[in-house]
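As stored in work_5.pdb (PDB, C-alpha atoms, pLDDT in the B column):
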ATOM      1  CA  MET A   1      53.124 -35.160  68.854  1.00 63.00           C
ATOM      2  CA  SER A   2      51.042 -37.081  66.338  1.00 64.00           C
ATOM      3  CA  THR A   3      52.251 -40.419  64.969  1.00 75.00           C
ATOM      4  CA  THR A   4      49.798 -40.440  62.077  1.00 81.00           C
ATOM      5  CA  PRO A   5      51.660 -41.344  58.878  1.00 84.00           C
ATOM      6  CA  VAL A   6      51.892 -38.670  56.214  1.00 86.00           C
ATOM      7  CA  ASP A   7      49.710 -39.402  53.206  1.00 88.00           C
ATOM      8  CA  ARG A   8      51.188 -40.027  49.757  1.00 87.00           C
ATOM      9  CA  LYS A   9      49.964 -36.722  48.317  1.00 87.00           C
ATOM     10  CA  THR A  10      51.711 -34.758  51.057  1.00 86.00           C
ATOM     11  CA  LEU A  11      54.892 -36.787  50.564  1.00 84.00           C
ATOM     12  CA  GLU A  12      54.838 -35.947  46.844  1.00 84.00           C
ATOM     13  CA  GLN A  13      54.477 -32.248  47.697  1.00 85.00           C
ATOM     14  CA  TRP A  14      57.436 -32.494  50.067  1.00 89.00           C
ATOM     15  CA  ARG A  15      59.575 -34.430  47.602  1.00 86.00           C
ATOM     16  CA  GLU A  16      61.364 -31.307  46.413  1.00 85.00           C
ATOM     17  CA  VAL A  17      62.700 -30.672  49.930  1.00 88.00           C
ATOM     18  CA  LEU A  18      63.453 -34.261  50.891  1.00 87.00           C
ATOM     19  CA  ALA A  19      66.896 -35.768  50.326  1.00 89.00           C
ATOM     20  CA  PRO A  20      68.092 -36.864  47.854  1.00 91.00           C
ATOM     21  CA  TYR A  21      65.669 -34.867  45.659  1.00 89.00           C
ATOM     22  CA  GLY A  22      65.817 -31.451  47.330  1.00 91.00           C
ATOM     23  CA  ILE A  23      67.770 -28.658  45.680  1.00 90.00           C
ATOM     24  CA  GLY A  24      69.651 -27.981  48.914  1.00 90.00           C
ATOM     25  CA  TYR A  25      70.840 -31.561  49.136  1.00 94.00           C
ATOM     26  CA  ARG A  26      71.825 -31.631  45.476  1.00 94.00           C
ATOM     27  CA  LEU A  27      73.718 -28.328  45.746  1.00 94.00           C
ATOM     28  CA  LYS A  28      75.546 -29.713  48.778  1.00 94.00           C
ATOM     29  CA  LEU A  29      76.378 -32.875  46.832  1.00 96.00           C
ATOM     30  CA  LEU A  30      77.656 -30.813  43.879  1.00 96.00           C
ATOM     31  CA  SER A  31      79.789 -28.762  46.255  1.00 93.00           C
ATOM     32  CA  GLN A  32      81.211 -31.878  47.903  1.00 94.00           C
ATOM     33  CA  LEU A  33      82.015 -33.551  44.588  1.00 96.00           C
ATOM     34  CA  ALA A  34      83.724 -30.428  43.239  1.00 95.00           C
ATOM     35  CA  SER A  35      85.583 -29.911  46.536  1.00 93.00           C
ATOM     36  CA  ARG A  36      86.862 -33.492  46.537  1.00 96.00           C
ATOM     37  CA  ARG A  37      88.073 -33.171  42.971  1.00 97.00           C
ATOM     38  CA  PHE A  38      89.666 -29.797  43.716  1.00 96.00           C
ATOM     39  CA  GLN A  39      91.225 -31.110  46.938  1.00 96.00           C
ATOM     40  CA  ASP A  40      92.919 -33.860  44.961  1.00 97.00           C
ATOM     41  CA  ARG A  41      94.377 -31.255  42.596  1.00 97.00           C
ATOM     42  CA  LEU A  42      95.435 -28.911  45.440  1.00 97.00           C
ATOM     43  CA  GLU A  43      97.133 -31.620  47.492  1.00 96.00           C
ATOM     44  CA  PRO A  44     100.486 -31.461  45.644  1.00 96.00           C
ATOM     45  CA  PHE A  45     100.621 -27.756  46.581  1.00 95.00           C
ATOM     46  CA  GLY A  46      99.903 -28.476  50.261  1.00 94.00           C
ATOM     47  CA  LEU A  47      96.630 -26.554  50.024  1.00 96.00           C
ATOM     48  CA  THR A  48      92.947 -27.140  50.751  1.00 93.00           C
ATOM     49  CA  PRO A  49      89.801 -25.686  49.160  1.00 91.00           C
ATOM     50  CA  PHE A  50      89.549 -23.298  52.125  1.00 91.00           C
ATOM     51  CA  HIS A  51      93.073 -22.047  51.395  1.00 95.00           C
ATOM     52  CA  TRP A  52      91.894 -21.483  47.816  1.00 95.00           C
ATOM     53  CA  VAL A  53      89.015 -19.209  48.849  1.00 94.00           C
ATOM     54  CA  VAL A  54      91.295 -17.181  51.120  1.00 97.00           C
ATOM     55  CA  LEU A  55      93.801 -16.841  48.269  1.00 98.00           C
ATOM     56  CA  CYS A  56      90.995 -15.687  45.965  1.00 97.00           C
ATOM     57  CA  CYS A  57      90.102 -12.909  48.421  1.00 97.00           C
ATOM     58  CA  LEU A  58      93.733 -11.801  48.612  1.00 98.00           C
ATOM     59  CA  TRP A  59      94.298 -11.983  44.866  1.00 98.00           C
ATOM     60  CA  GLU A  60      91.365  -9.605  44.537  1.00 97.00           C
ATOM     61  CA  GLU A  61      92.658  -7.274  47.276  1.00 97.00           C
ATOM     62  CA  ASP A  62      95.932  -7.985  49.019  1.00 98.00           C
ATOM     63  CA  GLY A  63      96.334  -6.757  52.591  1.00 97.00           C
ATOM     64  CA  LEU A  64      92.762  -7.369  53.718  1.00 97.00           C
ATOM     65  CA  PRO A  65      92.004  -7.322  57.431  1.00 97.00           C
ATOM     66  CA  THR A  66      91.198 -10.735  58.866  1.00 94.00           C
ATOM     67  CA  SER A  67      87.664  -9.512  59.626  1.00 92.00           C
ATOM     68  CA  SER A  68      87.062  -8.614  55.953  1.00 94.00           C
ATOM     69  CA  ILE A  69      88.145 -12.069  54.790  1.00 95.00           C
ATOM     70  CA  SER A  70      85.896 -13.628  57.408  1.00 92.00           C
ATOM     71  CA  GLU A  71      82.939 -11.483  56.287  1.00 91.00           C
ATOM     72  CA  LYS A  72      83.490 -12.288  52.605  1.00 90.00           C
ATOM     73  CA  LEU A  73      83.627 -16.007  53.338  1.00 88.00           C
ATOM     74  CA  GLN A  74      80.968 -15.907  56.070  1.00 83.00           C
ATOM     75  CA  GLN A  75      83.314 -17.744  58.432  1.00 71.00           C
ATOM     76  CA  VAL A  76      83.788 -17.455  62.152  1.00 57.00           C
ATOM     77  CA  GLY A  77      87.162 -16.051  63.219  1.00 56.00           C
ATOM     78  CA  GLY A  78      88.391 -19.162  65.031  1.00 64.00           C
ATOM     79  CA  THR A  79      88.088 -21.299  61.939  1.00 83.00           C
ATOM     80  CA  LEU A  80      89.781 -18.690  59.771  1.00 90.00           C
ATOM     81  CA  THR A  81      92.576 -18.152  62.288  1.00 90.00           C
ATOM     82  CA  GLY A  82      93.649 -21.800  62.063  1.00 91.00           C
ATOM     83  CA  VAL A  83      93.555 -21.682  58.270  1.00 93.00           C
ATOM     84  CA  LEU A  84      95.653 -18.512  58.247  1.00 95.00           C
ATOM     85  CA  ASP A  85      98.112 -20.131  60.667  1.00 95.00           C
ATOM     86  CA  ARG A  86      98.642 -23.028  58.265  1.00 95.00           C
ATOM     87  CA  MET A  87      98.894 -20.711  55.248  1.00 97.00           C
ATOM     88  CA  GLU A  88     101.518 -18.643  57.049  1.00 97.00           C
ATOM     89  CA  GLU A  89     103.459 -21.793  58.016  1.00 96.00           C
ATOM     90  CA  ARG A  90     103.275 -22.831  54.360  1.00 96.00           C
ATOM     91  CA  GLY A  91     104.809 -19.473  53.388  1.00 97.00           C
ATOM     92  CA  ILE A  92     102.033 -18.163  51.135  1.00 98.00           C
ATOM     93  CA  ILE A  93     100.781 -15.341  53.389  1.00 98.00           C
ATOM     94  CA  TYR A  94     102.048 -13.209  56.224  1.00 98.00           C
ATOM     95  CA  ARG A  95     100.235 -11.142  58.852  1.00 97.00           C
ATOM     96  CA  GLN A  96     101.039  -7.599  59.773  1.00 97.00           C
ATOM     97  CA  ARG A  97      99.422  -5.189  62.211  1.00 96.00           C
ATOM     98  CA  ASP A  98      97.611  -2.261  60.641  1.00 94.00           C
ATOM     99  CA  ASN A  99      99.648   0.966  60.823  1.00 92.00           C
ATOM    100  CA  ARG A 100      96.668   3.055  61.936  1.00 93.00           C
ATOM    101  CA  ASP A 101      94.862   0.580  64.180  1.00 94.00           C
ATOM    102  CA  ARG A 102      97.080  -1.901  66.039  1.00 90.00           C
ATOM    103  CA  ARG A 103      94.045  -4.106  66.853  1.00 92.00           C
ATOM    104  CA  ILE A 104      93.678  -5.014  63.167  1.00 95.00           C
ATOM    105  CA  TRP A 105      95.766  -7.712  61.509  1.00 95.00           C
ATOM    106  CA  ARG A 106      96.158  -7.424  57.751  1.00 97.00           C
ATOM    107  CA  ILE A 107      96.846 -10.475  55.606  1.00 98.00           C
ATOM    108  CA  TRP A 108      99.331 -10.171  52.772  1.00 98.00           C
ATOM    109  CA  LEU A 109     100.428 -12.571  50.054  1.00 98.00           C
ATOM    110  CA  THR A 110     104.047 -13.618  49.862  1.00 98.00           C
ATOM    111  CA  ASP A 111     105.700 -13.949  46.460  1.00 98.00           C
ATOM    112  CA  GLU A 112     104.806 -17.646  46.532  1.00 98.00           C
ATOM    113  CA  GLY A 113     101.167 -16.805  47.286  1.00 98.00           C
ATOM    114  CA  LYS A 114     101.121 -14.395  44.352  1.00 98.00           C
ATOM    115  CA  GLN A 115     102.663 -17.004  42.038  1.00 98.00           C
ATOM    116  CA  LEU A 116      99.889 -19.474  42.861  1.00 98.00           C
ATOM    117  CA  GLN A 117      97.501 -17.138  41.026  1.00 98.00           C
ATOM    118  CA  GLU A 118      99.020 -18.313  37.766  1.00 98.00           C
ATOM    119  CA  VAL A 119      98.696 -22.008  38.646  1.00 97.00           C
ATOM    120  CA  LEU A 120      95.481 -22.550  40.604  1.00 98.00           C
ATOM    121  CA  PRO A 121      92.746 -20.704  38.649  1.00 98.00           C
ATOM    122  CA  PRO A 122      93.279 -22.875  35.536  1.00 98.00           C
ATOM    123  CA  ILE A 123      92.792 -25.959  37.730  1.00 97.00           C
ATOM    124  CA  ALA A 124      89.569 -24.530  39.159  1.00 97.00           C
ATOM    125  CA  TRP A 125      88.456 -23.596  35.639  1.00 97.00           C
ATOM    126  CA  GLU A 126      89.037 -27.149  34.415  1.00 97.00           C
ATOM    127  CA  ILE A 127      86.906 -28.613  37.224  1.00 97.00           C
ATOM    128  CA  ARG A 128      84.189 -26.027  36.624  1.00 96.00           C
ATOM    129  CA  GLU A 129      84.149 -26.849  32.919  1.00 97.00           C
ATOM    130  CA  GLN A 130      83.846 -30.531  33.696  1.00 97.00           C
ATOM    131  CA  ALA A 131      80.898 -29.859  36.016  1.00 97.00           C
ATOM    132  CA  MET A 132      79.228 -27.543  33.483  1.00 97.00           C
ATOM    133  CA  ASN A 133      79.764 -29.789  30.464  1.00 98.00           C
ATOM    134  CA  GLY A 134      76.629 -29.750  28.323  1.00 98.00           C
ATOM    135  CA  ILE A 135      75.236 -26.583  29.950  1.00 98.00           C
ATOM    136  CA  SER A 136      74.973 -23.556  27.671  1.00 98.00           C
ATOM    137  CA  PRO A 137      76.630 -20.259  28.605  1.00 97.00           C
ATOM    138  CA  ASP A 138      73.191 -18.665  29.072  1.00 98.00           C
ATOM    139  CA  ASP A 139      72.097 -21.462  31.404  1.00 98.00           C
ATOM    140  CA  ARG A 140      75.384 -21.200  33.331  1.00 97.00           C
ATOM    141  CA  GLU A 141      74.728 -17.505  33.849  1.00 98.00           C
ATOM    142  CA  LEU A 142      71.150 -18.228  34.929  1.00 98.00           C
ATOM    143  CA  ILE A 143      72.294 -20.895  37.422  1.00 96.00           C
ATOM    144  CA  SER A 144      74.780 -18.432  38.893  1.00 96.00           C
ATOM    145  CA  LYS A 145      72.144 -15.692  39.236  1.00 98.00           C
ATOM    146  CA  LEU A 146      69.625 -18.054  40.818  1.00 96.00           C
ATOM    147  CA  VAL A 147      72.155 -19.352  43.344  1.00 94.00           C
ATOM    148  CA  ASP A 148      73.079 -15.745  44.219  1.00 95.00           C
ATOM    149  CA  ILE A 149      69.408 -14.913  44.792  1.00 97.00           C
ATOM    150  CA  ALA A 150      68.919 -17.977  47.020  1.00 94.00           C
ATOM    151  CA  ILE A 151      72.045 -17.071  49.029  1.00 89.00           C
ATOM    152  CA  ALA A 152      70.822 -13.484  49.439  1.00 93.00           C
ATOM    153  CA  ASN A 153      67.390 -14.734  50.519  1.00 96.00           C
ATOM    154  CA  LEU A 154      68.954 -16.779  53.332  1.00 91.00           C
ATOM    155  CA  SER A 155      71.633 -14.280  54.363  1.00 86.00           C
TER
END

Spit out the file's structure as structure tokens when you get a sec.
Amino acid sequence: MSTTPVDRKTLEQWREVLAPYGIGYRLKLLSQLASRRFQDRLEPFGLTPFHWVVLCCLWEEDGLPTSSISEKLQQVGGTLTGVLDRMEERGIIYRQRDNRDRRIWRIWLTDEGKQLQEVLPPIAWEIREQAMNGISPDDRELISKLVDIAIANLS
């Protein structure tokens, strides 16, 4: 392995991938800042940002199999299982075996889980609006499309 220092020109070329200038680092920072802010707002409900994303999946389609939630969120089962345990203890979801395939567990919202759909999205919207302040609707749409493309490229 060479210990020759990298020249200045090469460093300038690499700048866009080096922290804190790289897009990946900045997207991670944006995610962390938004998550912290959202966590603060979710705390009174006894929820975390991960609970939020699971709720979003179930608000879209209640009764999803655990595997479908995991696929949508690109999470490993063990991590999701613990989250579902805590959500069930909290009384916002319940699990039920699939009628046709007893190996499959389906996740259902309780009445309380359904009611959170009226409360939590406005909080998320408020944080999103704060983050996107000063960014035009067209640019917001472009940012969203570009992030989707980058995610697809790495998936």

### Nearest to Val119 (chain A), chosen from A:Ile93, A:Ile69, A:Ile23, A:Leu42, with all atoms listed in the file counted in the distances
A:Leu42

### Query
Which residue gives the smallest distance to Thr81 (chain A) among A:Ala152, A:Leu120, A:Ile107, A:Leu142, with only C-alpha atoms counted?
A:Ile107

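Of note, CA of Asp111 (chain A) and CA of Ile92 (chain A) are spaced 7.3 Å apart.
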
#### Entry: Residues returned when the PyMOL selection byres ((chain A and resi 108) around 7) runs on this file, as a ChimeraX atom specification
/A:62-63,93-95,106-107,109-110

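Among A:Gly22, A:Gln74, A:Thr3, A:Leu30, the residue with the shortest atom-to-atom distance to Met132 (chain A), counting all atoms listed in the file, is A:Leu30.
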